[in-house]
>>> print(open('protein_30.cif').read())   # mmCIF, C-alpha atoms
data_input
#
loop_
_atom_site.label_atom_id
_atom_site.label_comp_id
_atom_site.auth_asym_id
_atom_site.auth_seq_id
_atom_site.Cartn_x
_atom_site.Cartn_y
_atom_site.Cartn_z
CA GLN A 5 43.78 50.81 124.71
CA ILE A 6 42.54 52.70 127.77
CA ALA A 7 46.10 53.53 128.85
CA THR A 8 46.95 54.68 125.32
CA ALA A 9 43.88 56.93 125.14
CA LEU A 10 44.58 58.50 128.53
CA SER A 11 48.24 59.02 127.67
CA TRP A 12 47.24 60.69 124.42
CA PHE A 13 44.86 62.99 126.29
CA LEU A 14 47.37 64.03 128.96
CA LEU A 15 50.30 64.49 126.57
CA LEU A 16 48.34 66.73 124.20
CA LEU A 17 46.79 68.71 127.04
CA ALA A 18 50.08 69.27 128.92
CA PRO A 19 51.68 71.96 126.64
CA SER A 20 48.63 74.26 126.81
CA SER A 21 47.47 73.68 130.39
CA SER A 22 50.64 73.10 132.39
CA VAL A 23 53.27 75.26 130.69
CA VAL A 24 51.16 78.15 129.36
CA PRO A 25 49.21 79.87 132.18
CA ILE A 26 45.46 80.30 131.68
CA ALA A 27 44.71 82.62 134.63
CA THR A 28 43.90 85.52 132.29
CA GLN A 29 41.98 83.38 129.78
CA ILE A 30 38.35 83.37 130.84
CA VAL A 31 37.08 80.62 128.51
CA ALA A 32 39.66 77.88 127.87
CA GLU A 33 37.42 75.02 126.72
CA HIS A 34 39.12 74.89 123.30
CA ARG A 35 42.32 73.61 124.92
CA VAL A 36 40.88 70.11 125.26
CA TYR A 37 39.62 69.78 121.66
CA LEU A 38 42.73 68.11 120.20
CA ALA A 39 43.46 66.23 123.42
CA LEU A 40 40.00 64.62 123.30
CA LEU A 41 40.94 62.78 120.11
CA GLY A 42 42.43 59.90 122.14
CA PRO A 43 39.35 59.30 124.35
CA ILE A 44 37.07 59.64 121.29
CA VAL A 45 39.02 56.92 119.48
CA LEU A 46 38.68 54.71 122.58
CA VAL A 47 34.93 55.29 122.84
CA SER A 48 34.55 54.62 119.10
CA ALA A 49 36.42 51.30 119.43
CA LEU A 50 34.24 50.20 122.34
CA THR A 51 31.12 51.24 120.42
CA LEU A 52 32.07 49.01 117.48
CA ARG A 53 32.42 46.04 119.85
CA LEU A 54 29.10 46.61 121.58
CA VAL A 55 27.00 47.93 118.73
CA GLY A 56 25.13 44.63 118.37
CA SER A 57 23.83 44.73 121.95
CA ARG A 58 20.26 46.03 122.38
CA SER A 59 21.01 47.29 125.89
CA PHE A 60 23.96 49.24 124.55
CA VAL A 61 21.79 50.91 121.92
CA MET A 62 19.31 52.00 124.62
CA VAL A 63 22.05 53.34 126.88
CA ALA A 64 23.73 55.14 123.99
CA ALA A 65 20.42 56.72 122.96
CA GLY A 66 19.84 57.90 126.52
CA VAL A 67 23.34 59.39 126.73
CA VAL A 68 22.90 61.20 123.41
CA CYS A 69 19.56 62.67 124.54
CA ALA A 70 21.02 63.78 127.86
CA LEU A 71 24.01 65.42 126.17
CA ALA A 72 21.70 67.14 123.68
CA LEU A 73 19.61 68.60 126.51
CA LEU A 74 22.72 69.75 128.36
CA THR A 75 24.04 71.37 125.20
CA LEU A 76 20.73 73.17 124.68
CA ALA A 77 20.78 74.45 128.27
CA ARG A 78 24.39 75.59 127.95
CA ASN A 79 23.60 77.41 124.71
CA GLN A 80 20.91 79.36 126.55
CA GLU A 81 23.48 80.45 129.13
CA TYR A 82 25.75 81.64 126.32
CA GLN A 83 23.06 83.89 124.82
CA THR A 84 24.36 87.01 126.60
CA LEU A 85 27.34 87.99 128.74
CA GLU A 86 24.91 88.68 131.57
CA SER A 87 23.39 85.19 131.53
CA LEU A 88 26.81 83.54 131.15
CA TRP A 89 28.33 85.31 134.15
CA ALA A 90 25.16 85.03 136.23
CA ASP A 91 25.39 81.24 135.81
CA THR A 92 29.13 81.29 136.57
CA ALA A 93 28.67 83.37 139.72
CA CYS A 94 25.84 81.07 140.82
CA LYS A 95 27.97 77.95 140.34
CA ALA A 96 31.08 79.54 141.88
CA PRO A 97 29.71 81.82 144.62
CA THR A 98 33.11 82.21 146.31
CA ASN A 99 34.91 83.28 143.11
CA ALA A 100 35.51 87.05 143.22
CA ARG A 101 36.38 87.21 139.53
CA ALA A 102 33.06 85.64 138.57
CA HIS A 103 31.14 88.28 140.52
CA PHE A 104 33.27 91.07 139.01
CA ASN A 105 32.62 89.89 135.46
CA HIS A 106 28.92 89.50 136.28
CA GLY A 107 28.93 93.09 137.52
CA LEU A 108 30.73 94.24 134.38
CA ALA A 109 28.14 92.52 132.17
CA LEU A 110 25.31 94.11 134.16
CA GLU A 111 26.95 97.53 133.94
CA LEU A 112 27.34 97.20 130.17
CA ALA A 113 23.64 96.30 129.99
CA GLY A 114 22.77 99.52 131.83
CA ARG A 115 21.73 97.79 135.06
CA ALA A 116 23.76 99.92 137.47
CA GLU A 117 21.95 98.90 140.66
CA ALA A 118 22.41 95.18 139.97
CA ALA A 119 26.04 95.80 138.98
CA ARG A 120 26.57 97.58 142.29
CA VAL A 121 25.43 94.43 144.14
CA ALA A 122 27.74 92.19 142.08
CA TYR A 123 30.78 94.44 142.60
CA THR A 124 30.05 94.59 146.32
CA LYS A 125 30.01 90.76 146.47
CA CYS A 126 33.34 90.72 144.63
CA ILE A 127 34.91 93.10 147.15
CA ASP A 128 33.43 91.15 150.06
CA LEU A 129 35.30 88.11 148.74
CA ASP A 130 38.49 89.97 147.82
CA ALA A 131 38.98 93.41 149.39
CA HIS A 132 42.04 93.99 147.15
CA TYR A 133 40.17 93.57 143.85
CA ARG A 134 41.18 96.96 142.47
CA GLU A 135 39.01 97.06 139.34
CA ALA A 136 35.90 96.23 141.40
CA HIS A 137 36.62 99.24 143.63
CA VAL A 138 37.07 101.45 140.55
CA HIS A 139 33.83 100.38 138.85
CA LEU A 140 31.87 100.52 142.10
CA ALA A 141 33.21 104.03 142.79
CA ARG A 142 32.03 105.24 139.38
CA ILE A 143 28.61 103.70 139.92
CA GLU A 144 28.35 105.40 143.32
CA GLN A 145 29.23 108.69 141.63
CA GLY A 146 26.38 108.08 139.20
CA PHE A 147 24.02 107.66 142.17
CA ALA A 148 25.47 110.88 143.73
CA GLN A 149 26.85 108.83 146.63
CA HIS A 150 30.07 110.81 146.70
CA ALA A 151 31.26 109.61 150.12
CA ALA A 152 30.99 105.98 149.03
CA ALA A 153 32.67 106.79 145.71
CA ARG A 154 35.55 108.49 147.52
CA ALA A 155 36.03 105.47 149.81
CA HIS A 156 36.32 103.08 146.86
CA PHE A 157 38.62 105.40 144.89
CA VAL A 158 40.90 105.64 147.93
CA ALA A 159 40.84 101.85 148.34
CA ALA A 160 41.81 101.40 144.69
CA LEU A 161 44.60 103.98 145.03
CA ALA A 162 45.95 102.16 148.09
CA ILE A 163 46.31 99.04 145.95
CA GLN A 164 47.92 100.83 142.99
CA PRO A 165 48.33 104.61 142.51
CA ASP A 166 46.97 105.98 139.25
CA ALA A 167 46.73 109.52 137.88
CA ASP A 168 43.18 109.17 136.58
CA LEU A 169 41.95 107.70 139.86
CA HIS A 170 43.51 110.53 141.85
CA ASN A 171 41.58 112.97 139.63
CA ALA A 172 38.34 110.99 140.08
CA ALA A 173 38.81 110.84 143.86
CA ALA A 174 39.45 114.58 143.93
CA VAL A 175 36.24 115.28 141.99
CA SER A 176 34.29 113.22 144.54
CA LEU A 177 35.92 115.22 147.34
CA LEU A 178 34.94 118.50 145.72
CA LEU A 179 31.37 117.27 145.45
CA LEU A 180 31.64 116.47 149.16
CA ASN A 181 32.70 120.10 149.62
CA ASP A 182 36.25 119.20 150.72
CA PRO A 183 38.51 121.24 148.41
CA ASP A 184 41.58 120.94 150.67
CA GLU A 185 41.74 117.15 150.34
CA ALA A 186 40.73 117.40 146.68
CA VAL A 187 43.74 119.63 145.98
CA ARG A 188 46.06 116.97 147.44
CA HIS A 189 44.63 114.34 145.08
CA PHE A 190 44.82 116.64 142.04
CA GLU A 191 48.46 117.36 142.87
CA ALA A 192 49.18 113.64 143.28
CA SER A 193 47.64 113.04 139.86
CA LEU A 194 49.91 115.66 138.29
CA GLN A 195 52.95 114.17 140.00
CA LEU A 196 52.20 110.85 138.28
CA ARG A 197 51.41 112.46 134.90
CA ALA A 198 52.14 116.16 134.51
CA ASN A 199 50.60 117.19 131.18
CA GLN A 200 46.89 116.77 131.95
CA PRO A 201 44.83 119.83 130.95
CA LEU A 202 41.73 118.38 132.61
CA VAL A 203 43.47 117.97 135.97
CA HIS A 204 45.11 121.39 135.79
CA TYR A 205 41.68 122.89 135.09
CA ASN A 206 39.98 121.02 137.95
CA LEU A 207 42.82 121.90 140.31
CA GLY A 208 42.48 125.53 139.30
CA LEU A 209 38.78 125.43 140.22
CA ALA A 210 39.55 123.82 143.58
CA LEU A 211 42.15 126.48 144.33
CA GLN A 212 39.63 129.15 143.38
CA GLY A 213 37.30 127.68 145.99
CA LEU A 214 40.10 128.05 148.54
CA ARG A 215 40.65 131.63 147.31
CA ARG A 216 44.24 130.79 146.34
CA PHE A 217 43.87 132.79 143.15
CA GLU A 218 47.53 133.04 142.16
CA ASP A 219 47.98 129.26 142.41
CA ALA A 220 44.70 128.77 140.56
CA LEU A 221 45.81 131.11 137.78
CA ARG A 222 49.04 129.15 137.30
CA HIS A 223 47.20 125.86 136.78
CA LEU A 224 44.49 127.38 134.60
CA GLU A 225 47.16 128.92 132.37
CA GLN A 226 48.80 125.50 132.14
CA ALA A 227 45.45 123.97 131.15
CA VAL A 228 45.02 126.55 128.37
CA GLN A 229 48.58 126.01 127.11
CA LEU A 230 48.06 122.25 126.95
CA ASN A 231 44.63 122.56 125.29
CA PRO A 232 44.09 126.02 123.77
CA ALA A 233 40.70 125.04 122.35
CA GLU A 234 39.21 124.44 125.80
CA THR A 235 36.98 127.51 126.32
CA PRO A 236 35.98 126.89 130.01
CA ALA A 237 39.63 126.76 131.02
CA ALA A 238 40.35 130.02 129.19
CA ASP A 239 37.30 131.72 130.71
CA SER A 240 38.24 130.56 134.21
CA ARG A 241 41.83 131.74 133.67
CA ASN A 242 40.61 135.20 132.66
CA MET A 243 38.26 135.43 135.65
CA THR A 244 41.02 134.32 138.00
CA ALA A 245 43.40 136.88 136.55
CA LEU A 246 40.81 139.54 137.36
CA ALA A 247 40.56 138.15 140.90
CA VAL A 248 44.32 138.34 141.36
CA ARG A 249 44.33 141.97 140.24
CA ALA A 250 41.31 142.73 142.44
CA GLN A 251 42.83 141.29 145.63
CA GLY A 252 43.10 144.01 148.21
CA SER A 253 40.60 146.23 146.41
CA GLY A 254 37.55 144.77 148.14
CA VAL A 255 36.17 143.35 144.92
CA ASP A 256 35.00 139.72 145.18
CA CYS A 257 34.77 137.94 141.83
CA PHE A 258 33.83 134.47 143.04
CA VAL A 259 31.20 132.63 144.99
CA ASP A 260 32.94 130.45 147.59
CA PHE A 261 31.28 127.04 147.24
CA SER A 262 33.20 125.65 150.20
CA GLN A 263 31.40 128.03 152.56
CA SER A 264 27.90 127.00 151.51
CA SER A 265 25.73 125.80 154.37
CA ASP A 266 23.63 123.71 152.00
CA GLN A 267 25.51 120.56 150.91
CA SER A 268 23.25 119.94 147.90
CA GLU A 269 23.76 123.55 146.78
CA ALA A 270 27.53 123.13 147.06
CA ASP A 271 27.38 119.83 145.13
CA GLU A 272 25.45 121.46 142.29
CA SER A 273 27.83 124.44 142.23
CA TRP A 274 30.96 122.29 141.88
CA ALA A 275 29.22 119.96 139.40
CA ASP A 276 28.39 122.92 137.15
CA TYR A 277 32.09 123.60 136.61
CA LEU A 278 34.00 120.31 136.95
CA TYR A 279 34.61 117.97 134.06
#
>>> encode(input="protein_30.cif", output="structure tokens")
Amino acid sequence: QIATALSWFLLLLAPSSSVVPIATQIVAEHRVYLALLGPIVLVSALTLRLVGSRSFVMVAAGVVCALALLTLARNQEYQTLESLWADTACKAPTNARAHFNHGLALELAGRAEAARVAYTKCIDLDAHYREAHVHLARIEQGFAQHAAARAHFVAALAIQPDADLHNAAAVSLLLLNDPDEAVRHFEASLQLRANQPLVHYNLGLALQGLRRFEDALRHLEQAVQLNPAETPAADSRNMTALAVRAQGSGVDCFVDFSQSSDQSEADESWADYLY
């Protein structure tokens, strides 16, 4: 009977847990439900044989109470995503994915500082965990830690290039008052996906900061063509057109953020215009 029950369990479990991968399935407990039918039948048969024994009744009662308490405790852990992944990360401290999901749950709950710690633990365990770098970079941006944000965006891009990440890295570089490097990231973003009005607009602003008004005008015009309803892009295009016409006349239409001696002043200036 024991061999039959075990065979039943393994045969029913095999199709779902040996052929079908479960790496992307976070909770896979349901896979054993049908397979447990064999062991349950075995336990039921043994129970019928021993049900007349007083010692068996006491042991069975103890097991039922213990399982009930464990179920109650587990239900508490399942109350929120945060508590579930906190328990998982505690029980599997070397599992990078557990720390990432814990960080994600904390971030969704609005606990950015705690999420930052969880994402950092994830990266400490797996330096190539791209999504952890991305989320940590955005959190660092929220804390105005633009140098740290840039480092994590660059790390994520080294793992897998992405148009949106190039744009995000470029924004961090502008807030660090480095328009030259920002322009390279904006251009890389457009090489991966050309028709992005947001990136054309941001690139136009960066080129304005470098006083490359003709190049800026080209990208701002592209931003307006792709999204005619975007007023800031149209306004910036018109101002840049004036700057192009004014070149050589001694008229200066723009404040050059990149020449500011005050880093916080430069940050605020770029932040007023980027989006």
>>> resolve_selection(input="protein_30.cif", expression="the PyMOL selection byres ((chain A and resi 118) around 12)", output="list in words")
Glu86, Ala90, His103, Phe104, His106, Gly107, Leu108, Ala109, Leu110, Glu111, Leu112, Ala113, Gly114, Arg115, Ala116, Glu117, Ala119, Arg120, Val121, Ala122, Tyr123, Thr124, Lys125, Leu140 and Ile143 of chain A
>>> resolve_selection(input="protein_30.cif", expression="the PyMOL selection byres ((chain A and resi 131) around 12)", output="MDAnalysis selection string")
chainID A and resid 100:101 123:130 132:137 156 159:160 162:163
>>> resolve_selection(input="protein_30.cif", expression="the PyMOL selection byres ((chain A and resi 144) around 10)", output="MDAnalysis selection string")
chainID A and resid 116:117 120 138:143 145:154 156 176
>>> atom_distance(input="protein_30.cif", atom1="atom CA of A:Asn99", atom2="atom CA of A:Ala39")
27.4 Å
>>> residues_around(input="protein_30.cif", residues="A:Leu41", least_positions_apart="5", cutoff="9 Å", atoms="all atoms listed in the file", output="list of chain:residue names")
A:Ala9, A:Trp12, A:Phe13, A:Val36, A:Leu46
>>> atom_distance(input="protein_30.cif", atom1="atom CA of A:His204", atom2="atom CA of A:Leu177")
16.0 Å
>>> atom_distance(input="protein_30.cif", atom1="atom CA of A:Ala233", atom2="atom CA of A:Val203")
15.6 Å
>>> closest_residue(input="protein_30.cif", among="A:Asp184, A:Gln229, A:Cys94, A:Pro201", to="A:Arg215", atoms="only C-alpha atoms")
A:Asp184
>>> closest_residue(input="protein_30.cif", among="A:Leu207, A:Leu40, A:Ala18, A:Leu76", to="A:Gln226", atoms="all atoms listed in the file")
A:Leu207
>>> closest_residue(input="protein_30.cif", among="A:Leu161, A:Ala65, A:Ala210, A:Ala220", to="A:Ala192", atoms="all atoms listed in the file")
A:Leu161
